[in-house]
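Written below as structure tokens is the structure these notes are about.
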Amino acid sequence: MSEPIAVPQPDQSRFDFALRLADNCLVLGQRLAEWCGRGPELEEDMALTNIALDLIGQAQLWFEYASELDAQQRSADALAFFRDQNEFRNVLLVEQPNHDFGYTITRQFYFDSFHYLLLNELVASTDQRVRGISEMAFKEVAYHLRHSTAWVCRLGDGTAESHRRIQQAISDLWCYTGELFAPDTVDAEMFRDRVAPDLSRLQIIWLHQVNSIFKQATLQLPESIWMQTGGKQGAHGESMGYLVGEMQFLRRIYPDAQW
Amino acid sequence: MTEWPLWEIFIRSQNGLAHKHVGSLHAADPKMAIENARDVYARRNEGISIWVVRSADLYASDPEDKGTLFDPAKNKVYRHPTFYHVPPETKHL
């Protein structure tokens, strides 16, 4: 008896899932790349842009997978450079402007803590492609988290000025952390098929870990407040348009450009 | 802004036995120095181990002492193992 041959069906949810991971990495990578040549020290400039390159590399892998699943059969490049702002599926946190070093580090710390926990589960995904990409990305993200954690501690437990500024960033960016764990139908479907973990379970671990680092760094966890959502569905803030414009302009002016 | 202290960076390469000096960089503490060294000097898979030493903790020989320190060794050829016959069947020496 032979098994019936499974005909691959265009899977909209899995496409959306891969696209969200790709967009998170691409947009955060683009934000970090804005530090290129402007880092507080040459060495930190290198560290931030190395992380940016890691993220853009990961974005490329997720885009390639999304491209395979895309009903419209767009290429990885087309997904990155020829979609408009409202078609991006990244969380709001990663598009927030750099503002100052404290904001950049806080944004990174919130995201890295989430990214680390997520990839740690995705390496056991039922989806082989997701597993493969996550295994590669996990080691890089473990380093990202180490870097941002060290800086949260240094700035929090540093001078009065560094403490004040990172505490401000922690409070201001807090309203974007809820979306990381707010499941919608795509997340529910991915959890049902054991492609991805249950986000609400991750949130408990995340909160515990973030809080324990804040304690070490003499920083306060913000009060619970209204959480912003919408990024995963394509509703972005006003700074996102500038980011997308800068990122895409070259490709849009020279659509056939080749290396 | 006060400048971070300078550190000397030593990296042991994939198949090297000893750590080799590769350059220097700024960092606030040893942990940061190791992370910065990883980003500045080991981005292309250069190493498997990193040592960092505060530049201030290094004592170096004075270039002006070069003659006194090193010249006397120059005319002592018998200190070099060049007077042995290597048997032809010895390989990989």
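All residue names refer to the structure tokens as shown: chains lettered A, B, ... in order, residues numbered from 1 in each chain, ligands numbered from 1 in order.
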
Item to complete: Just need the residues of chain A within 12 Å of chain B, counting only C-alpha atoms, so spit them out as JSON, numbers by chain.
Response: {"A": [40, 41, 42, 43, 44, 45, 46, 47, 48, 49, 50, 51, 53, 54, 140, 143, 144, 146, 147, 148, 149, 150, 151, 154, 155, 158]}

Selection file, N, CA, C and O atoms, as a short mmCIF file (atom, residue, chain, number, x, y, z; two decimals), in the first residue's frame:
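What ended up in again-v7.cif:
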data_model
loop_
_atom_site.label_atom_id
_atom_site.label_comp_id
_atom_site.auth_asym_id
_atom_site.auth_seq_id
_atom_site.Cartn_x
_atom_site.Cartn_y
_atom_site.Cartn_z
N PRO A 40 28.53 54.93 19.78
CA PRO A 40 29.17 55.74 20.82
C PRO A 40 30.69 55.52 20.89
O PRO A 40 31.42 56.38 21.34
N GLU A 41 31.14 54.35 20.48
CA GLU A 41 32.57 54.04 20.38
C GLU A 41 32.72 53.19 19.13
O GLU A 41 31.78 52.52 18.73
N LEU A 42 33.90 53.19 18.56
CA LEU A 42 34.13 52.38 17.36
C LEU A 42 33.72 50.92 17.60
O LEU A 42 33.06 50.29 16.78
N GLU A 43 34.11 50.39 18.79
CA GLU A 43 33.86 48.99 19.09
C GLU A 43 32.37 48.69 19.18
O GLU A 43 31.90 47.64 18.74
N GLU A 44 31.61 49.63 19.76
CA GLU A 44 30.17 49.42 19.89
C GLU A 44 29.47 49.60 18.55
O GLU A 44 28.47 48.94 18.26
N ASP A 45 30.01 50.45 17.73
CA ASP A 45 29.52 50.63 16.37
C ASP A 45 29.60 49.29 15.63
O ASP A 45 28.66 48.85 14.97
N MET A 46 30.76 48.62 15.78
CA MET A 46 30.96 47.32 15.14
C MET A 46 29.98 46.29 15.70
O MET A 46 29.42 45.48 14.96
N ALA A 47 29.78 46.32 17.02
CA ALA A 47 28.90 45.33 17.66
C ALA A 47 27.47 45.49 17.14
O ALA A 47 26.82 44.52 16.78
N LEU A 48 26.99 46.74 17.10
CA LEU A 48 25.60 46.98 16.66
C LEU A 48 25.41 46.60 15.19
O LEU A 48 24.40 46.01 14.83
N THR A 49 26.39 46.93 14.37
CA THR A 49 26.23 46.61 12.95
C THR A 49 26.44 45.11 12.68
O THR A 49 25.82 44.57 11.77
N ASN A 50 27.25 44.45 13.50
CA ASN A 50 27.34 42.98 13.40
C ASN A 50 25.99 42.35 13.68
O ASN A 50 25.57 41.41 13.00
N ILE A 51 25.33 42.85 14.71
CA ILE A 51 24.01 42.31 15.08
C ILE A 51 23.03 42.61 13.95
O ILE A 51 22.22 41.76 13.57
N LEU A 53 23.69 42.85 10.82
CA LEU A 53 23.96 41.93 9.72
C LEU A 53 23.46 40.52 10.03
O LEU A 53 22.95 39.83 9.15
N ASP A 54 23.62 40.09 11.28
CA ASP A 54 23.06 38.78 11.68
C ASP A 54 21.56 38.77 11.39
O ASP A 54 21.03 37.81 10.83
N GLU A 140 23.28 32.90 17.11
CA GLU A 140 23.50 34.34 16.93
C GLU A 140 22.70 35.13 17.95
O GLU A 140 23.20 36.07 18.56
N TYR A 143 23.97 35.35 21.42
CA TYR A 143 24.98 36.41 21.59
C TYR A 143 24.33 37.79 21.66
O TYR A 143 24.73 38.64 22.48
N HIS A 144 23.32 38.03 20.83
CA HIS A 144 22.63 39.33 20.86
C HIS A 144 22.09 39.60 22.28
O HIS A 144 22.21 40.71 22.80
N ARG A 146 23.09 38.32 25.08
CA ARG A 146 24.19 38.54 26.01
C ARG A 146 24.67 39.99 25.94
O ARG A 146 24.94 40.64 26.95
N HIS A 147 24.77 40.49 24.71
CA HIS A 147 25.22 41.86 24.49
C HIS A 147 24.24 42.87 25.07
O HIS A 147 24.63 43.78 25.81
N SER A 148 22.95 42.72 24.76
CA SER A 148 21.99 43.73 25.23
C SER A 148 21.80 43.62 26.75
O SER A 148 21.64 44.64 27.43
N THR A 149 21.85 42.40 27.29
CA THR A 149 21.71 42.23 28.74
C THR A 149 22.85 42.94 29.47
O THR A 149 22.62 43.65 30.46
N ALA A 150 24.07 42.75 28.98
CA ALA A 150 25.22 43.38 29.62
C ALA A 150 25.07 44.90 29.63
O ALA A 150 25.38 45.56 30.61
N TRP A 151 24.53 45.45 28.53
CA TRP A 151 24.37 46.90 28.46
C TRP A 151 23.25 47.41 29.36
O TRP A 151 23.35 48.51 29.94
N ARG A 154 24.85 47.59 32.68
CA ARG A 154 25.84 48.67 32.75
C ARG A 154 25.18 50.04 32.83
O ARG A 154 25.59 50.89 33.61
N LEU A 155 24.16 50.25 32.01
CA LEU A 155 23.51 51.56 31.99
C LEU A 155 22.63 51.75 33.24
O LEU A 155 22.60 52.82 33.83
N GLY A 158 24.86 52.17 36.22
CA GLY A 158 26.00 53.03 35.87
C GLY A 158 25.93 54.37 36.56
O GLY A 158 25.87 54.46 37.79
#

Item to complete: Identify, on the basis of only C-alpha atoms, every residue whose closest approach to Gly230 in chain A does not exceed 10 Å; exclude the query and any residue fewer than 4 positions from it along the same chain; express the result as number ranges by chain.
Response: A: 89-92, 179, 182, 234-237

Worksheet item: Pick from B:Thr90, B:Ser13, B:Asn75, B:Thr82: nearest to Ile50 in chain B, with only C-alpha atoms counted?
Response: B:Ser13

Discussion item. DSSP on the backbone, alpha helix (DSSP H) only: what residues of range 34-68 of chain B does that give? Format it as a list in words.
Written reply: Ile34, Glu35, Asn36, Ala37, Arg38, Asp39, Val40, Tyr41, Lys66, Gly67 and Thr68 of chain B

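Using only C-alpha atoms, the contacts of Ala78 in chain A at a cut-off of 10 Å, with sequence neighbours closer than 2 positions omitted, comprise A:Phe63, A:Ser67, A:Gln73, A:Arg74, A:Ser75, A:Ala76, A:Ala80, A:Phe81, A:Phe82, A:Arg83, A:Arg251, A:Pro255.
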
Report as a PDB file with C-alpha atoms, in the first residue's frame all protein, DNA and RNA residues lying within 9 Å of Gly23 in chain B, evaluated on only C-alpha atoms, omitting residues in the same chain fewer than 4 positions from it.
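Ended up saving to result27.pdb:
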ATOM      1  CA  TRP B   7      43.096  46.566  26.005  1.00  0.00           C
ATOM      2  CA  GLU B   8      45.495  44.343  24.086  1.00  0.00           C
ATOM      3  CA  ILE B   9      43.811  41.446  22.334  1.00  0.00           C
ATOM      4  CA  PHE B  10      45.258  37.955  21.883  1.00  0.00           C
ATOM      5  CA  TYR B  41      38.840  40.725  15.557  1.00  0.00           C
TER       6      TYR B  41
END

Worksheet entry | Straight-line distance linking CA of Val210 in chain A with CA of Leu117 in chain A, stated in Å to one decimal | 11.8 Å

For Asp193 in chain A, find every residue with an atom within 12 Å (counting only C-alpha atoms), except residues of its own chain fewer than 2 positions away, and show them as a PDB file with all heavy atoms, in the first residue's frame.
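part.pdb was written with the following content:
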ATOM      1  N   SER A  13      -1.476  30.763   6.413  1.00  0.00           N
ATOM      2  CA  SER A  13      -1.028  31.021   7.783  1.00  0.00           C
ATOM      3  C   SER A  13       0.468  30.807   7.940  1.00  0.00           C
ATOM      4  O   SER A  13       1.163  31.586   8.595  1.00  0.00           O
ATOM      5  CB  SER A  13      -1.749  30.112   8.770  1.00  0.00           C
ATOM      6  OG  SER A  13      -3.094  30.467   8.826  1.00  0.00           O
ATOM      7  N   ARG A  14       0.960  29.752   7.326  1.00  0.00           N
ATOM      8  CA  ARG A  14       2.389  29.488   7.461  1.00  0.00           C
ATOM      9  C   ARG A  14       3.207  30.539   6.723  1.00  0.00           C
ATOM     10  O   ARG A  14       4.277  30.950   7.167  1.00  0.00           O
ATOM     11  CB  ARG A  14       2.729  28.084   6.959  1.00  0.00           C
ATOM     12  CG  ARG A  14       3.994  27.559   7.598  1.00  0.00           C
ATOM     13  CD  ARG A  14       4.136  26.086   7.468  1.00  0.00           C
ATOM     14  NE  ARG A  14       3.082  25.343   8.152  1.00  0.00           N
ATOM     15  CZ  ARG A  14       3.226  24.097   8.592  1.00  0.00           C
ATOM     16  NH1 ARG A  14       4.361  23.466   8.428  1.00  0.00           N
ATOM     17  NH2 ARG A  14       2.226  23.476   9.187  1.00  0.00           N
ATOM     18  N   SER A 125      10.307  22.605  16.239  1.00  0.00           N
ATOM     19  CA  SER A 125       9.093  22.747  15.438  1.00  0.00           C
ATOM     20  C   SER A 125       8.813  21.484  14.620  1.00  0.00           C
ATOM     21  O   SER A 125       9.732  20.744  14.266  1.00  0.00           O
ATOM     22  CB  SER A 125       9.273  23.938  14.493  1.00  0.00           C
ATOM     23  OG  SER A 125       8.231  23.988  13.551  1.00  0.00           O
ATOM     24  N   THR A 126       7.526  21.261  14.311  1.00  0.00           N
ATOM     25  CA  THR A 126       7.181  20.143  13.423  1.00  0.00           C
ATOM     26  C   THR A 126       7.528  20.475  11.966  1.00  0.00           C
ATOM     27  O   THR A 126       7.536  19.607  11.114  1.00  0.00           O
ATOM     28  CB  THR A 126       5.668  19.832  13.489  1.00  0.00           C
ATOM     29  OG1 THR A 126       4.955  21.044  13.258  1.00  0.00           O
ATOM     30  CG2 THR A 126       5.285  19.243  14.832  1.00  0.00           C
ATOM     31  N   ASP A 127       7.797  21.741  11.692  1.00  0.00           N
ATOM     32  CA  ASP A 127       8.137  22.183  10.341  1.00  0.00           C
ATOM     33  C   ASP A 127       9.658  22.152  10.180  1.00  0.00           C
ATOM     34  O   ASP A 127      10.383  22.885  10.854  1.00  0.00           O
ATOM     35  CB  ASP A 127       7.595  23.608  10.125  1.00  0.00           C
ATOM     36  CG  ASP A 127       7.825  24.113   8.711  1.00  0.00           C
ATOM     37  OD1 ASP A 127       8.917  23.867   8.160  1.00  0.00           O
ATOM     38  OD2 ASP A 127       6.923  24.769   8.173  1.00  0.00           O
ATOM     39  N   VAL A 186      -3.292  33.383  13.227  1.00  0.00           N
ATOM     40  CA  VAL A 186      -2.084  32.767  12.666  1.00  0.00           C
ATOM     41  C   VAL A 186      -1.306  32.050  13.773  1.00  0.00           C
ATOM     42  O   VAL A 186      -0.923  30.880  13.633  1.00  0.00           O
ATOM     43  CB  VAL A 186      -1.188  33.833  11.993  1.00  0.00           C
ATOM     44  CG1 VAL A 186       0.145  33.237  11.566  1.00  0.00           C
ATOM     45  CG2 VAL A 186      -1.903  34.455  10.799  1.00  0.00           C
ATOM     46  N   ASP A 187      -1.098  32.752  14.888  1.00  0.00           N
ATOM     47  CA  ASP A 187      -0.351  32.149  16.004  1.00  0.00           C
ATOM     48  C   ASP A 187      -1.070  30.922  16.544  1.00  0.00           C
ATOM     49  O   ASP A 187      -0.434  29.914  16.880  1.00  0.00           O
ATOM     50  CB  ASP A 187      -0.168  33.179  17.129  1.00  0.00           C
ATOM     51  CG  ASP A 187       0.702  34.345  16.688  1.00  0.00           C
ATOM     52  OD1 ASP A 187       1.789  34.089  16.139  1.00  0.00           O
ATOM     53  OD2 ASP A 187       0.287  35.509  16.880  1.00  0.00           O
ATOM     54  N   ALA A 188      -2.403  31.012  16.632  1.00  0.00           N
ATOM     55  CA  ALA A 188      -3.188  29.889  17.160  1.00  0.00           C
ATOM     56  C   ALA A 188      -3.050  28.669  16.257  1.00  0.00           C
ATOM     57  O   ALA A 188      -2.881  27.541  16.729  1.00  0.00           O
ATOM     58  CB  ALA A 188      -4.655  30.296  17.298  1.00  0.00           C
ATOM     59  N   GLU A 189      -3.081  28.927  14.949  1.00  0.00           N
ATOM     60  CA  GLU A 189      -2.953  27.822  14.011  1.00  0.00           C
ATOM     61  C   GLU A 189      -1.555  27.194  14.063  1.00  0.00           C
ATOM     62  O   GLU A 189      -1.407  25.981  13.989  1.00  0.00           O
ATOM     63  CB  GLU A 189      -3.236  28.340  12.602  1.00  0.00           C
ATOM     64  CG  GLU A 189      -4.041  27.384  11.755  1.00  0.00           C
ATOM     65  CD  GLU A 189      -4.433  28.033  10.444  1.00  0.00           C
ATOM     66  OE1 GLU A 189      -5.247  28.990  10.460  1.00  0.00           O
ATOM     67  OE2 GLU A 189      -3.891  27.614   9.409  1.00  0.00           O
ATOM     68  N   MET A 190      -0.545  28.029  14.197  1.00  0.00           N
ATOM     69  CA  MET A 190       0.828  27.518  14.271  1.00  0.00           C
ATOM     70  C   MET A 190       1.031  26.688  15.537  1.00  0.00           C
ATOM     71  O   MET A 190       1.734  25.679  15.528  1.00  0.00           O
ATOM     72  CB  MET A 190       1.836  28.678  14.239  1.00  0.00           C
ATOM     73  CG  MET A 190       1.944  29.402  12.916  1.00  0.00           C
ATOM     74  SD  MET A 190       2.377  28.331  11.533  1.00  0.00           S
ATOM     75  CE  MET A 190       0.819  28.215  10.704  1.00  0.00           C
ATOM     76  N   PHE A 191       0.384  27.128  16.623  1.00  0.00           N
ATOM     77  CA  PHE A 191       0.482  26.369  17.877  1.00  0.00           C
ATOM     78  C   PHE A 191      -0.267  25.046  17.747  1.00  0.00           C
ATOM     79  O   PHE A 191       0.227  23.999  18.162  1.00  0.00           O
ATOM     80  CB  PHE A 191      -0.061  27.203  19.041  1.00  0.00           C
ATOM     81  CG  PHE A 191      -0.079  26.468  20.348  1.00  0.00           C
ATOM     82  CD1 PHE A 191       1.046  25.765  20.796  1.00  0.00           C
ATOM     83  CD2 PHE A 191      -1.228  26.459  21.149  1.00  0.00           C
ATOM     84  CE1 PHE A 191       1.034  25.066  22.000  1.00  0.00           C
ATOM     85  CE2 PHE A 191      -1.246  25.755  22.353  1.00  0.00           C
ATOM     86  CZ  PHE A 191      -0.112  25.066  22.776  1.00  0.00           C
ATOM     87  N   VAL A 195       3.874  23.960  15.063  1.00  0.00           N
ATOM     88  CA  VAL A 195       4.944  24.627  14.318  1.00  0.00           C
ATOM     89  C   VAL A 195       5.643  25.603  15.267  1.00  0.00           C
ATOM     90  O   VAL A 195       6.856  25.770  15.247  1.00  0.00           O
ATOM     91  CB  VAL A 195       4.372  25.387  13.096  1.00  0.00           C
ATOM     92  CG1 VAL A 195       5.451  26.251  12.436  1.00  0.00           C
ATOM     93  CG2 VAL A 195       3.781  24.404  12.103  1.00  0.00           C
ATOM     94  N   ALA A 196       4.836  26.262  16.112  1.00  0.00           N
ATOM     95  CA  ALA A 196       5.359  27.289  17.017  1.00  0.00           C
ATOM     96  C   ALA A 196       4.772  27.077  18.411  1.00  0.00           C
ATOM     97  O   ALA A 196       3.746  26.413  18.568  1.00  0.00           O
ATOM     98  CB  ALA A 196       4.986  28.665  16.483  1.00  0.00           C
ATOM     99  N   PRO A 197       5.433  27.654  19.432  1.00  0.00           N
ATOM    100  CA  PRO A 197       4.964  27.446  20.805  1.00  0.00           C
ATOM    101  C   PRO A 197       3.764  28.325  21.159  1.00  0.00           C
ATOM    102  O   PRO A 197       3.391  29.214  20.402  1.00  0.00           O
ATOM    103  CB  PRO A 197       6.179  27.858  21.629  1.00  0.00           C
ATOM    104  CG  PRO A 197       6.859  28.881  20.807  1.00  0.00           C
ATOM    105  CD  PRO A 197       6.646  28.462  19.381  1.00  0.00           C
ATOM    106  N   ASP A 198       3.226  28.043  22.328  1.00  0.00           N
ATOM    107  CA  ASP A 198       2.148  28.839  22.892  1.00  0.00           C
ATOM    108  C   ASP A 198       2.753  30.147  23.431  1.00  0.00           C
ATOM    109  O   ASP A 198       3.578  30.127  24.348  1.00  0.00           O
ATOM    110  CB  ASP A 198       1.512  28.030  24.034  1.00  0.00           C
ATOM    111  CG  ASP A 198       0.491  28.830  24.806  1.00  0.00           C
ATOM    112  OD1 ASP A 198       0.054  29.880  24.301  1.00  0.00           O
ATOM    113  OD2 ASP A 198       0.135  28.394  25.919  1.00  0.00           O
TER     114      ASP A 198
END
